[in-house]
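Enquirer: Please find structure02.txt (compact mmCIF, C-alpha atoms) on the next line:
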# COMPACT_ATOMS: atom_id res chain seq x y z
CA MET P 14 10.02 -1.78 13.69
CA ALA P 15 10.27 1.84 14.82
CA ILE P 16 8.18 4.52 13.14
CA PRO P 17 10.36 6.30 10.57
CA THR P 18 11.17 9.95 11.28
CA SER P 19 13.44 10.68 8.31
CA LYS P 20 13.69 9.94 4.62
CA SER P 21 16.45 7.37 5.15
CA GLU P 22 14.43 5.59 7.85
CA LEU P 23 11.33 5.60 5.63
CA LEU P 24 13.25 4.14 2.69
CA SER P 25 14.74 1.49 4.96
CA ALA P 26 11.34 0.60 6.45
CA ILE P 27 9.82 0.23 2.99
CA SER P 28 12.74 -1.86 1.76
CA VAL P 29 12.85 -4.21 4.75
CA THR P 30 9.10 -4.73 5.03
CA PHE P 31 8.65 -5.16 1.29
CA ASP P 32 11.48 -7.66 0.99
CA ARG P 33 10.06 -9.75 3.84
CA LEU P 34 6.57 -9.62 2.34
CA ASN P 35 7.85 -10.45 -1.13
CA ALA P 36 9.66 -13.54 0.18
CA ASP P 37 6.39 -14.80 1.66
CA LEU P 38 4.39 -13.93 -1.46
CA ALA P 39 6.85 -16.10 -3.41
CA ARG P 40 5.71 -19.04 -1.24
CA VAL P 41 2.09 -18.72 -2.43
CA PRO P 42 1.35 -21.50 -4.93
CA GLU P 43 -0.03 -19.94 -8.10
CA SER P 44 -2.74 -22.61 -8.04
CA ARG P 45 -4.06 -21.13 -4.75
CA ALA P 46 -3.56 -17.42 -5.48
CA ASN P 47 -7.26 -16.93 -6.33
CA GLU P 48 -8.53 -19.00 -3.41
CA TYR P 49 -10.97 -16.94 -1.33
CA SER P 50 -10.03 -18.36 2.05
CA MET P 51 -8.39 -15.45 3.88
CA PRO P 52 -10.24 -12.94 6.07
CA GLY P 53 -10.90 -9.89 3.90
CA HIS P 54 -10.60 -6.17 4.51
CA VAL P 55 -14.38 -6.06 4.98
CA ALA P 56 -15.75 -7.76 8.08
CA GLY P 57 -17.32 -11.11 7.30
CA LYS P 58 -15.92 -11.33 3.77
CA GLN P 59 -13.16 -13.53 2.43
CA MET P 60 -10.40 -12.57 0.02
CA SER P 61 -7.66 -14.29 -1.93
CA PRO P 62 -3.92 -13.62 -2.00
CA CYS P 63 -4.59 -11.91 -5.35
CA CYS P 64 -7.01 -9.56 -3.60
CA LEU P 65 -4.41 -8.82 -0.92
CA VAL P 66 -1.78 -7.89 -3.49
CA SER P 67 -4.36 -5.85 -5.43
CA TYR P 68 -5.09 -3.95 -2.22
CA LEU P 69 -1.41 -3.13 -1.76
CA ILE P 70 -1.02 -2.04 -5.39
CA GLY P 71 -4.12 0.13 -5.06
CA TRP P 72 -2.87 1.90 -1.95
CA ASN P 73 0.63 2.36 -3.37
CA ARG P 74 -0.80 3.87 -6.56
CA LEU P 75 -3.08 6.07 -4.47
CA VAL P 76 -0.06 7.43 -2.56
CA LEU P 77 1.61 8.19 -5.90
CA LYS P 78 -1.56 10.01 -6.98
CA TRP P 79 -1.53 12.07 -3.78
CA LEU P 80 2.10 13.04 -4.31
CA HIS P 81 1.52 13.93 -7.97
CA GLN P 82 -1.51 16.07 -7.16
CA ASP P 83 0.39 17.81 -4.38
CA ASP P 84 3.32 18.47 -6.73
CA LEU P 85 0.88 20.16 -9.12
CA SER P 86 -0.74 22.13 -6.25
CA ILE P 87 -4.00 20.27 -6.83
CA PRO P 88 -5.90 19.67 -3.57
CA VAL P 89 -5.73 16.01 -2.55
CA ASP P 90 -9.10 14.37 -1.86
CA PHE P 91 -8.10 12.01 0.97
CA PRO P 92 -8.34 9.08 0.96
CA GLU P 93 -9.72 8.93 -2.60
CA THR P 94 -12.32 10.80 -4.61
CA GLY P 95 -15.71 9.31 -3.79
CA PHE P 96 -14.52 7.61 -0.59
CA LYS P 97 -14.33 8.72 3.02
CA TRP P 98 -12.00 7.33 5.67
CA ASN P 99 -14.90 5.30 7.11
CA GLN P 100 -15.38 3.60 3.70
CA LEU P 101 -12.01 1.87 3.43
CA GLY P 102 -13.67 -1.52 3.03
CA LEU P 103 -15.40 -0.25 -0.11
CA LEU P 104 -12.11 1.19 -1.32
CA ALA P 105 -10.44 -2.19 -0.74
CA GLU P 106 -13.12 -3.87 -2.84
CA LYS P 107 -12.53 -1.28 -5.57
CA PHE P 108 -8.83 -2.17 -5.55
CA TYR P 109 -9.67 -5.90 -5.80
CA ALA P 110 -11.82 -5.17 -8.86
CA ASP P 111 -9.26 -2.82 -10.43
CA TYR P 112 -6.70 -5.62 -10.72
CA ALA P 113 -8.99 -8.67 -10.98
CA ASP P 114 -7.89 -9.44 -14.54
CA LEU P 115 -4.21 -9.79 -13.65
CA SER P 116 -2.53 -13.13 -13.00
CA TRP P 117 -0.65 -13.83 -9.78
CA ALA P 118 2.67 -13.24 -11.57
CA GLU P 119 1.41 -9.95 -13.04
CA LEU P 120 0.13 -8.79 -9.67
CA THR P 121 3.38 -9.47 -7.86
CA GLU P 122 5.30 -7.79 -10.68
CA GLN P 123 3.01 -4.73 -10.50
CA LEU P 124 3.53 -4.55 -6.74
CA THR P 125 7.30 -4.56 -7.22
CA LEU P 126 7.06 -1.86 -9.90
CA VAL P 127 4.79 0.45 -7.90
CA LYS P 128 7.00 0.07 -4.83
CA ALA P 129 9.98 1.10 -6.99
CA GLU P 130 8.04 4.18 -8.19
CA LEU P 131 7.36 5.13 -4.59
CA VAL P 132 11.01 4.73 -3.68
CA GLU P 133 11.92 7.06 -6.57
CA GLN P 134 9.38 9.62 -5.37
CA ILE P 135 10.63 9.47 -1.79
CA THR P 136 14.27 9.64 -2.87
CA SER P 137 13.59 12.82 -4.86
CA ARG P 138 12.17 14.62 -1.80
CA SER P 139 13.92 16.28 1.11
CA ASP P 140 13.66 15.34 4.78
CA GLU P 141 12.05 18.74 5.30
CA GLU P 142 9.30 18.01 2.75
CA LEU P 143 8.72 14.51 4.13
CA TYR P 144 8.97 15.15 7.86
CA GLY P 145 9.28 18.86 8.53
CA ILE P 146 5.83 20.03 7.44
CA VAL P 147 2.34 18.89 8.40
CA TRP P 148 0.66 17.72 5.20
CA TYR P 149 -2.69 16.18 6.10
CA GLU P 150 -4.39 17.03 9.37
CA LYS P 151 -1.60 16.34 11.88
CA TRP P 152 0.44 14.00 9.67
CA THR P 153 3.58 14.67 7.65
CA LYS P 154 3.99 13.44 4.09
CA GLY P 155 6.48 10.82 5.29
CA ARG P 156 4.06 9.49 7.88
CA MET P 157 1.19 9.34 5.37
CA ILE P 158 3.46 7.42 2.98
CA GLN P 159 4.48 5.03 5.77
CA PHE P 160 0.84 4.48 6.83
CA ASN P 161 0.10 3.27 3.29
CA THR P 162 3.27 1.37 2.38
CA SER P 163 5.44 -0.25 5.05
CA SER P 164 2.62 -0.62 7.60
CA PRO P 165 0.31 -2.43 5.15
CA TYR P 166 3.27 -4.55 3.98
CA ILE P 167 3.69 -5.74 7.60
CA ASN P 168 -0.04 -6.42 7.92
CA ALA P 169 -0.16 -8.25 4.57
CA ARG P 170 2.83 -10.38 5.49
CA GLY P 171 1.10 -11.46 8.69
CA ARG P 172 -2.03 -12.37 6.75
CA ILE P 173 -0.10 -14.36 4.13
CA ARG P 174 2.00 -16.18 6.72
CA LYS P 175 -1.11 -17.15 8.69
CA TRP P 176 -2.86 -18.24 5.47
CA LEU P 177 0.13 -20.34 4.37
CA ASN P 178 0.28 -22.20 7.68
Rewrite the structure from the file as structure tokens, please.
Expert:
Amino acid sequence: MAIPTSKSELLSAISVTFDRLNADLARVPESRANEYSMPGHVAGKQMSPCCLVSYLIGWNRLVLKWLHQDDLSIPVDFPETGFKWNQLGLLAEKFYADYADLSWAELTEQLTLVKAELVEQITSRSDEELYGIVWYEKWTKGRMIQFNTSSPYINARGRIRKWLN
């Protein structure tokens, strides 16, 4: 899939990649959703499908936080307060813990809801805001959103498909 360069392309990428991922998540037996048998986001550690969905929810909510802070002219602490870009494994484990009490059905529902919130946020913004201005280092807002939505959806789908087979 080509890298989005406009709001419409970003919305399409999110929709297509999410729908494909969601179809594969629906194939995960609830009885195996907490099975720690998938390579994790930290080298040498295993995770479950629940962890994978928690990771996606965490990143999607983090993107919403970035957008909200930016809207309020509050400096964004990328990637997250207390974490540096070289600590993404620790951030992944935080996301696993944040949603550990949710059932498989609740997790997949939360993922659908947070994706819908992101779509609303993207829809309310102009192409200029999303792709016409550098937002973080050399990246536009649209590219930062894509890095943390449609790209991880593709990666997660590959992980789930491999795990299911």
Enquirer: Skipping near chain neighbours, those fewer than 2 positions away, what residues fall within 9 Å of region 22-33 of chain P using all atoms listed in the file, listed as a VMD selection string?
Expert: chain P and resid 14 to 20 35 to 38 125 128 132 135 to 136 155 to 156 158 to 159 162 to 164 166 to 167 170
Enquirer: Which residues are near region 147-151 of chain P? Cut-off 12 Å, only C-alpha atoms, ignore same chain within fewer than 2 positions. Put them as a ChimeraX atom specification.
Expert: /P:79-80,83,88-92,141-145,153-158
Enquirer: Include C-alpha atoms and write out the residues we just selected as a compact mmCIF listing (two decimals), in the frame of the given file.
Expert:
# COMPACT_ATOMS: atom_id res chain seq x y z
CA TRP P 79 -1.53 12.07 -3.78
CA LEU P 80 2.10 13.04 -4.31
CA ASP P 83 0.39 17.81 -4.38
CA PRO P 88 -5.90 19.67 -3.57
CA VAL P 89 -5.73 16.01 -2.55
CA ASP P 90 -9.10 14.37 -1.86
CA PHE P 91 -8.10 12.01 0.97
CA PRO P 92 -8.34 9.08 0.96
CA GLU P 141 12.05 18.74 5.30
CA GLU P 142 9.30 18.01 2.75
CA LEU P 143 8.72 14.51 4.13
CA TYR P 144 8.97 15.15 7.86
CA GLY P 145 9.28 18.86 8.53
CA THR P 153 3.58 14.67 7.65
CA LYS P 154 3.99 13.44 4.09
CA GLY P 155 6.48 10.82 5.29
CA ARG P 156 4.06 9.49 7.88
CA MET P 157 1.19 9.34 5.37
CA ILE P 158 3.46 7.42 2.98
Enquirer: Mind checking which residues fall within 12 Å of Glu122 (chain P), counting only C-alpha atoms, ignoring those fewer than 2 positions away in the same chain, and posting them as a list in words?
Expert: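 With the cut-off at 12 Å, the set is Asn35, Leu38, Ala39, Cys63, Val66, Ser67, Ile70, Leu115, Ser116, Trp117, Ala118, Glu119, Leu120, Leu124, Thr125, Leu126, Val127, Lys128 and Ala129 of chain P.
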Enquirer: I'd like the interatomic distance between CA of Thr94 (chain P) and CA of Leu65 (chain P), to a tenth of an Å.
Expert: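 Pair CA of Thr94 (chain P) / CA of Leu65 (chain P) returns 21.5 Å.
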Enquirer: From the options P:Pro62, P:Val76, P:Gln82, P:Glu133, which residue's atoms come nearest to Ser50 (chain P), counting all atoms listed in the file?
Expert: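 For Ser50 (chain P), the nearest of the candidates is P:Pro62.
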Enquirer: So how many Å separate CA of Val55 (chain P) and CA of Gly102 (chain P), to one decimal?
Expert: 5.0 Å
Enquirer: Give the answer as one residue: which of P:Leu131, P:Met60, P:Glu48, P:Arg74 has the shortest atom-to-atom distance to Glu106 (chain P), using only C-alpha atoms?
Expert: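 Under the stated criterion, the closest residue is P:Met60.
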Enquirer: Just give me the gap between CA of Gln100 (chain P) and CA of Leu177 (chain P) in Å, one decimal is fine.
Expert: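 According to the coordinates, CA of Gln100 (chain P) and CA of Leu177 (chain P) are separated by 28.5 Å.
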Enquirer: Which of these, P:Gly53, P:Gly171, P:Pro42, P:Leu85, has the shortest distance to Ala105 (chain P) once you count only C-alpha atoms?
Expert: P:Gly53
Enquirer: Which residue is closest to Leu69 (chain P)? Choose from P:Asn99, P:Thr121, P:Ser21, P:Ser44 and count all atoms listed in the file.
Expert: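 Ranking P:Asn99, P:Thr121, P:Ser21, P:Ser44 by distance to Leu69 (chain P), first place goes to P:Thr121.
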Enquirer: So, with only C-alpha atoms as the atoms that count, which of P:Glu43, P:Leu75, P:Leu104, P:Tyr112 lies closest to Glu130 (chain P)?
Expert: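 Counting only C-alpha atoms, the residue closest to Glu130 (chain P) is P:Leu75.
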